Amino acid sequence: MEKVPEPIITDPIRFTKQELAQADAHETSLTDSNKEFILEYPVVYIVYDNSKKGYHVYVGETNDIEQRTQEHLIEERADWQAFRKSDNTMMIVIGHAHFNKSLTLDIENTMMMYMLGVESVQKLNNRRTNQQYKYFTAGERKPIFSKIWQQLHELNGDLFPIEEVIRDSAIFKASPFHKLTKEQETARKKIFLRITELANAHATGQLIMVEGEAGSGKTVLLSTLFYRLSRMNQDSHAKNYMLVNHDEQVKVYENIAKKLDLNIETVCKPTKFINNHQPDAPADVVLVDEAHLLWTQGKQSYRGKNQLQDIMARAKVTVIIFDPKQILKTEGYLTSNDILKLENHARQQHNLIQLKEQLRIQASESTIIWLRQFINQHVVLPIPADPDYDLKIFDDAQTMYQTIRQRAATTEHGLSRVVATFDWPYKNNDRHHRYMVTAGTLSLPWNLQLVPPRGQKTLPWAEQPQTINEVGSTFTIQGFDLNYAGVIIGPSVKYRDGHLIFDPSESYNKKATNHRTLANGKRVDVHNELLANELNVLMTRGVHGLYIYAVDDQLRQALLDAATRH
């Protein structure tokens, strides 16, 4: 591809009738030809107001910036009234020699995705998503956007941080403004069609089940559904909810709702939804992320027997994101027959959707196969050479940690952390004792023990800066990804007779090693499944690389040998 021209970006202009009327005087730095691309071509524009609480931002695109600006100056919508009343509201207009309608719509959508991930942005006011697919200049979107963002960063580094910092944030990765793959878009259309068909039904219990392994794009799909349904809610009286039984993920969805001015009360954990709703007044649509974390038995805070059944009884349509290989606790255990019944229930209603693409791990097919063989078949095959994915085996945990620290120290590889199987003691409510993970010469505290800097506590665990000095677990990293993941495989995972085996006596994860009482009253040992699932979650976090240290001598040697047999 030929090198794309530089974008044309105006200096910030005060968003007042008088200042905008004199905009030409503000743009003496622009040549006549550049002014043409601003005034006579499609453009993208950003209106923003800065207060003590943060930025309030609007992103738009138009074929006629002068006319569109005049329309905004008289709009009665509350957000535009607030912009006009503020003395700090500014406007930036972005042009480019290659802009056409499709490309500006695409750039607008990408800009919204980035602005959502900016920590200093408090509210992002937009009313639509504009994902574009095939058009003449589609291949130029990424390089043009990067040039735009770089120039904006030079104008205002607070509002437009370094691009890689944005891309590392969990809210960016879960943004509803991501361009969906064909597989995701097909699924979205099917789900919306079914929701529309069932919208006026009085019956409850309709289940739409989306299955996919870790990294298949399930969360982005669900986030897109959540955003679009929430926007539809503003024009109707529909009652829709987003549930997730994971504290870290609840933070992300609450942050999305807050920034996009959606009803934050519609985001909650399953038990709260169940306790606050009755079957005789069902919600319209309930979305459940990480449905494999739902409880299938009662607990102190939950007096039912099956959270999914209770949710379905309180909703006309329930949409769940599900991966059986991410069930981690006996309290959420499902037998293979239970899972089959669930799939058949959805299939009979033509509501079973399966995502098969791997979107997280940026590795070759041979590396993906190696990982699947290790995780699912419990064998250690020769590790393939892969120039695109950094898969390394370490014989010293301290060296692995230092390598992760080096990765985390660079902007490009910033979100890199060490995680481990739950094979060392930890109590979340004990603030008087520091629980450590010790592997060889390495000793680091478990997650959630070091105090985060002021204002960082609401961020997901991996995004808090002090966590580079901690070891994460499935409880803090499930549902998220890292640029580079350093995995300490603890002593509960051993290598004997050519296969991985799981030793429950070496695990401190009692919620995986305790026996489970099934519906028929039989008590069963399910540690082989749940400890394997724990390993699966940890091994599938790294986007660009995976570093492994195994505590078990035989497993470590098998992995080291595999690394030399390309």
# chains A, B, ... in the order shown; residues from 1 in each chain; ligands from 1
>>> select_by_dssp(residues="region 67-230 of chain A", states="helix (DSSP H, G or I)", output="CSV table (one decimal) with C-alpha atoms, in the first residue's frame")
chain,number,residue,atom,x,y,z
A,67,GLN,CA,-24.2,23.2,8.5
A,68,ARG,CA,-23.8,20.5,11.1
A,69,THR,CA,-22.2,22.9,13.5
A,70,GLN,CA,-25.1,25.3,13.1
A,71,GLU,CA,-27.5,22.5,13.9
A,72,HIS,CA,-25.6,21.6,17.1
A,73,LEU,CA,-25.7,25.2,18.2
A,74,ILE,CA,-29.5,25.2,18.4
A,78,ALA,CA,-29.5,18.1,27.2
A,79,ASP,CA,-26.0,17.2,26.2
A,80,TRP,CA,-25.8,20.0,23.6
A,81,GLN,CA,-27.3,22.5,26.0
A,82,ALA,CA,-24.5,21.6,28.5
A,83,PHE,CA,-21.9,22.0,25.8
A,84,ARG,CA,-23.2,25.5,25.0
A,85,LYS,CA,-23.4,26.6,28.6
A,101,LYS,CA,-18.6,8.8,3.6
A,102,SER,CA,-17.8,5.2,4.5
A,103,LEU,CA,-14.3,6.0,5.7
A,104,THR,CA,-15.5,8.9,7.9
A,105,LEU,CA,-18.2,6.7,9.4
A,106,ASP,CA,-15.5,4.0,10.1
A,107,ILE,CA,-13.1,6.6,11.6
A,108,GLU,CA,-15.9,8.0,13.8
A,109,ASN,CA,-16.7,4.5,15.1
A,110,THR,CA,-13.0,3.9,15.8
A,111,MET,CA,-12.7,7.3,17.6
A,112,MET,CA,-15.7,6.4,19.8
A,113,MET,CA,-14.0,3.1,20.7
A,114,TYR,CA,-10.8,4.9,21.7
A,115,MET,CA,-12.5,7.7,23.6
A,116,LEU,CA,-14.4,5.1,25.6
A,138,ALA,CA,-11.2,0.4,3.9
A,139,GLY,CA,-7.6,-0.8,4.0
A,140,GLU,CA,-6.5,2.8,4.9
A,141,ARG,CA,-8.6,3.1,8.0
A,142,LYS,CA,-5.9,1.8,10.5
A,143,PRO,CA,-2.9,3.9,9.2
A,144,ILE,CA,-5.0,7.0,8.8
A,145,PHE,CA,-6.5,6.6,12.3
A,146,SER,CA,-3.1,6.1,13.9
A,147,LYS,CA,-1.8,9.3,12.2
A,148,ILE,CA,-4.9,11.2,13.4
A,149,TRP,CA,-4.5,9.9,17.0
A,150,GLN,CA,-0.8,10.8,17.0
A,151,GLN,CA,-1.6,14.4,16.0
A,152,LEU,CA,-4.4,14.6,18.6
A,153,HIS,CA,-2.0,13.3,21.3
A,154,GLU,CA,0.4,16.1,20.5
A,155,LEU,CA,-2.5,18.6,20.8
A,163,GLU,CA,-2.5,4.8,21.6
A,164,GLU,CA,-1.1,1.6,23.1
A,165,VAL,CA,-2.2,2.7,26.6
A,166,ILE,CA,-5.8,2.9,25.3
A,167,ARG,CA,-5.6,-0.5,23.6
A,168,ASP,CA,-4.4,-2.1,26.8
A,170,ALA,CA,-10.2,-3.6,29.6
A,171,ILE,CA,-12.9,-1.2,28.7
A,172,PHE,CA,-11.4,-0.7,25.2
A,173,LYS,CA,-11.3,-4.5,24.7
A,182,LYS,CA,-18.4,-11.7,10.0
A,183,GLU,CA,-19.0,-14.5,12.5
A,184,GLN,CA,-19.9,-12.1,15.3
A,185,GLU,CA,-22.0,-9.9,13.0
A,186,THR,CA,-24.0,-13.0,11.8
A,187,ALA,CA,-24.5,-13.9,15.5
A,188,ARG,CA,-25.6,-10.4,16.4
A,189,LYS,CA,-28.2,-10.2,13.6
A,190,LYS,CA,-29.6,-13.7,14.6
A,191,ILE,CA,-29.8,-12.7,18.2
A,192,PHE,CA,-31.5,-9.4,17.5
A,193,LEU,CA,-34.0,-11.1,15.1
A,194,ARG,CA,-34.9,-13.7,17.8
A,195,ILE,CA,-35.2,-10.9,20.4
A,196,THR,CA,-37.5,-9.0,18.1
A,197,GLU,CA,-39.6,-12.1,17.3
A,198,LEU,CA,-40.0,-12.8,21.1
A,218,LYS,CA,-17.9,-13.5,23.1
A,219,THR,CA,-17.6,-10.5,25.3
A,220,VAL,CA,-17.4,-7.9,22.5
A,221,LEU,CA,-20.5,-9.5,20.9
A,222,LEU,CA,-22.4,-9.3,24.2
A,223,SER,CA,-21.2,-5.7,24.9
A,224,THR,CA,-22.5,-4.7,21.4
A,225,LEU,CA,-25.9,-6.3,22.2
A,226,PHE,CA,-25.9,-4.5,25.6
A,227,TYR,CA,-25.2,-1.1,24.1
A,228,ARG,CA,-27.7,-1.4,21.3
A,229,LEU,CA,-30.5,-2.8,23.5
A,230,SER,CA,-29.8,0.0,26.0
>>> residues_around(residues="Thr458 (chain A)", least_positions_apart="3", cutoff="10 Å", atoms="only C-alpha atoms", output="list in words")
Glu248, Lys251, Val252, Asn255, Pro452, Arg454, Gly455, Trp461, Glu463 and Gln464 of chain A
>>> write_last_selection(atoms="C-alpha atoms", output="tab-separated table (two decimals), in the first residue's frame")
chain	number	residue	atom	x	y	z
A	248	GLU	CA	-13.79	-7.48	37.91
A	251	LYS	CA	-16.54	-2.99	37.09
A	252	VAL	CA	-15.96	-2.95	33.32
A	255	ASN	CA	-17.80	1.81	33.56
A	452	PRO	CA	-3.48	0.62	44.50
A	454	ARG	CA	-5.36	6.80	44.50
A	455	GLY	CA	-8.09	6.68	41.88
A	461	TRP	CA	-6.69	-5.88	38.56
A	463	GLU	CA	-4.53	-2.38	34.84
A	464	GLN	CA	-3.56	-1.24	38.33
>>> residues_around(residues="Gln478 (chain A)", least_positions_apart="5", cutoff="10 Å", atoms="only C-alpha atoms", output="ChimeraX atom specification")
/A:214,246,248-249,290,326,472-473,534,537-538,540-541
>>> write_last_selection(atoms="N, CA and C atoms", output="mmCIF file, in the first residue's frame")
data_model
loop_
_atom_site.group_PDB
_atom_site.id
_atom_site.type_symbol
_atom_site.label_atom_id
_atom_site.label_comp_id
_atom_site.auth_asym_id
_atom_site.auth_seq_id
_atom_site.Cartn_x
_atom_site.Cartn_y
_atom_site.Cartn_z
ATOM 1 N N ALA A 214 -12.207 -19.610 25.072
ATOM 2 C CA ALA A 214 -11.550 -18.372 25.485
ATOM 3 C C ALA A 214 -10.940 -17.666 24.280
ATOM 4 N N HIS A 246 -18.877 -11.974 38.266
ATOM 5 C CA HIS A 246 -17.428 -11.772 38.350
ATOM 6 C C HIS A 246 -17.192 -10.302 38.694
ATOM 7 N N GLU A 248 -14.621 -8.295 38.803
ATOM 8 C CA GLU A 248 -13.794 -7.483 37.909
ATOM 9 C C GLU A 248 -14.553 -7.108 36.631
ATOM 10 N N GLN A 249 -15.360 -8.043 36.117
ATOM 11 C CA GLN A 249 -16.123 -7.763 34.898
ATOM 12 C C GLN A 249 -17.283 -6.818 35.175
ATOM 13 N N GLU A 290 -20.104 -14.584 30.894
ATOM 14 C CA GLU A 290 -19.440 -15.599 31.727
ATOM 15 C C GLU A 290 -20.475 -16.481 32.446
ATOM 16 N N GLN A 326 -14.482 -23.237 31.082
ATOM 17 C CA GLN A 326 -14.143 -22.180 32.037
ATOM 18 C C GLN A 326 -14.971 -22.285 33.317
ATOM 19 N N GLY A 472 -1.366 -12.858 39.750
ATOM 20 C CA GLY A 472 -2.797 -12.957 39.520
ATOM 21 C C GLY A 472 -3.279 -14.392 39.542
ATOM 22 N N SER A 473 -4.593 -14.535 39.592
ATOM 23 C CA SER A 473 -5.231 -15.853 39.607
ATOM 24 C C SER A 473 -6.440 -15.810 38.687
ATOM 25 N N GLU A 534 -9.040 -24.497 35.240
ATOM 26 C CA GLU A 534 -8.227 -23.415 35.805
ATOM 27 C C GLU A 534 -6.975 -23.193 34.956
ATOM 28 N N VAL A 537 -7.861 -21.408 31.620
ATOM 29 C CA VAL A 537 -8.064 -19.958 31.732
ATOM 30 C C VAL A 537 -6.725 -19.228 31.763
ATOM 31 N N LEU A 538 -5.785 -19.717 32.552
ATOM 32 C CA LEU A 538 -4.490 -19.045 32.683
ATOM 33 C C LEU A 538 -3.668 -19.110 31.398
ATOM 34 N N THR A 540 -4.616 -19.134 28.365
ATOM 35 C CA THR A 540 -5.214 -18.485 27.191
ATOM 36 C C THR A 540 -5.377 -16.980 27.388
ATOM 37 N N ARG A 541 -4.537 -16.361 28.218
ATOM 38 C CA ARG A 541 -4.629 -14.911 28.457
ATOM 39 C C ARG A 541 -3.717 -14.108 27.539
#
>>> residues_around(residues="region 331-339 of chain A", least_positions_apart="3", cutoff="9 Å", atoms="only C-alpha atoms", output="list in words")
His292, Leu293, Leu294, Trp295, Thr296, Gln297, Gly298, Lys299, Asn306, Pro324, Ile327, Leu328, Leu342, Glu343, Asn344, Lys511, Ala512, Arg516, Leu518, Val526 and Leu530 of chain A
>>> write_last_selection(atoms="C-alpha atoms", output="PDB file, in the first residue's frame")
ATOM      1  CA  HIS A 292     -20.177 -20.663  33.154  1.00  0.00           C
ATOM      2  CA  LEU A 293     -19.645 -18.820  36.466  1.00  0.00           C
ATOM      3  CA  LEU A 294     -23.308 -19.052  37.479  1.00  0.00           C
ATOM      4  CA  TRP A 295     -24.040 -21.128  40.581  1.00  0.00           C
ATOM      5  CA  THR A 296     -25.804 -24.464  40.288  1.00  0.00           C
ATOM      6  CA  GLN A 297     -26.346 -24.828  44.024  1.00  0.00           C
ATOM      7  CA  GLY A 298     -27.353 -22.577  46.891  1.00  0.00           C
ATOM      8  CA  LYS A 299     -25.016 -20.382  48.926  1.00  0.00           C
ATOM      9  CA  ASN A 306     -29.710 -22.926  39.940  1.00  0.00           C
ATOM     10  CA  PRO A 324     -17.822 -25.269  29.582  1.00  0.00           C
ATOM     11  CA  ILE A 327     -16.284 -23.672  34.816  1.00  0.00           C
ATOM     12  CA  LEU A 328     -13.985 -23.316  37.821  1.00  0.00           C
ATOM     13  CA  LEU A 342     -28.778 -26.834  28.011  1.00  0.00           C
ATOM     14  CA  GLU A 343     -27.495 -26.942  24.434  1.00  0.00           C
ATOM     15  CA  ASN A 344     -30.482 -29.004  23.291  1.00  0.00           C
ATOM     16  CA  LYS A 511     -13.879 -24.730  45.463  1.00  0.00           C
ATOM     17  CA  ALA A 512     -12.361 -26.949  42.763  1.00  0.00           C
ATOM     18  CA  ARG A 516     -19.900 -31.948  44.605  1.00  0.00           C
ATOM     19  CA  LEU A 518     -25.303 -33.922  42.210  1.00  0.00           C
ATOM     20  CA  VAL A 526     -14.687 -33.329  39.885  1.00  0.00           C
ATOM     21  CA  LEU A 530     -12.058 -28.055  37.353  1.00  0.00           C
TER      22      LEU A 530
END
>>> atom_distance(atom1="CA of Gln554 (chain A)", atom2="CA of Ile501 (chain A)")
11.4 Å
>>> residues_around(residues="Asn50 (chain A)", least_positions_apart="3", cutoff="12 Å", atoms="only C-alpha atoms", output="VMD selection string")
chain A and resid 47 53 to 57 82 to 83 86 to 91 120 to 123 156 158 to 159
>>> closest_residue(among="A:Ala257, A:Lys305, A:Glu211, A:Pro460", to="Gln354 (chain A)", atoms="only C-alpha atoms")
A:Glu211
>>> closest_residue(among="A:Tyr549, A:Asn514, A:Leu459, A:Ser51", to="Thr438 (chain A)", atoms="only C-alpha atoms")
A:Tyr549
>>> atom_distance(atom1="CA of Pro282 (chain A)", atom2="CA of Ile264 (chain A)")
18.9 Å
>>> residues_around(residues="region 7-12 of chain A", least_positions_apart="3", cutoff="6 Å", atoms="only C-alpha atoms", output="mmCIF file with C-alpha atoms, in the first residue's frame")
data_model
loop_
_atom_site.group_PDB
_atom_site.id
_atom_site.type_symbol
_atom_site.label_atom_id
_atom_site.label_comp_id
_atom_site.auth_asym_id
_atom_site.auth_seq_id
_atom_site.Cartn_x
_atom_site.Cartn_y
_atom_site.Cartn_z
ATOM 1 C CA MET A 90 -13.916 23.118 22.354
ATOM 2 C CA MET A 91 -14.242 21.638 18.871
ATOM 3 C CA ILE A 92 -11.664 19.911 16.664
ATOM 4 C CA VAL A 93 -12.323 19.081 12.999
ATOM 5 C CA ILE A 94 -10.426 16.300 11.219
ATOM 6 C CA GLY A 95 -10.084 16.088 7.455
ATOM 7 C CA HIS A 96 -8.131 13.905 5.068
#
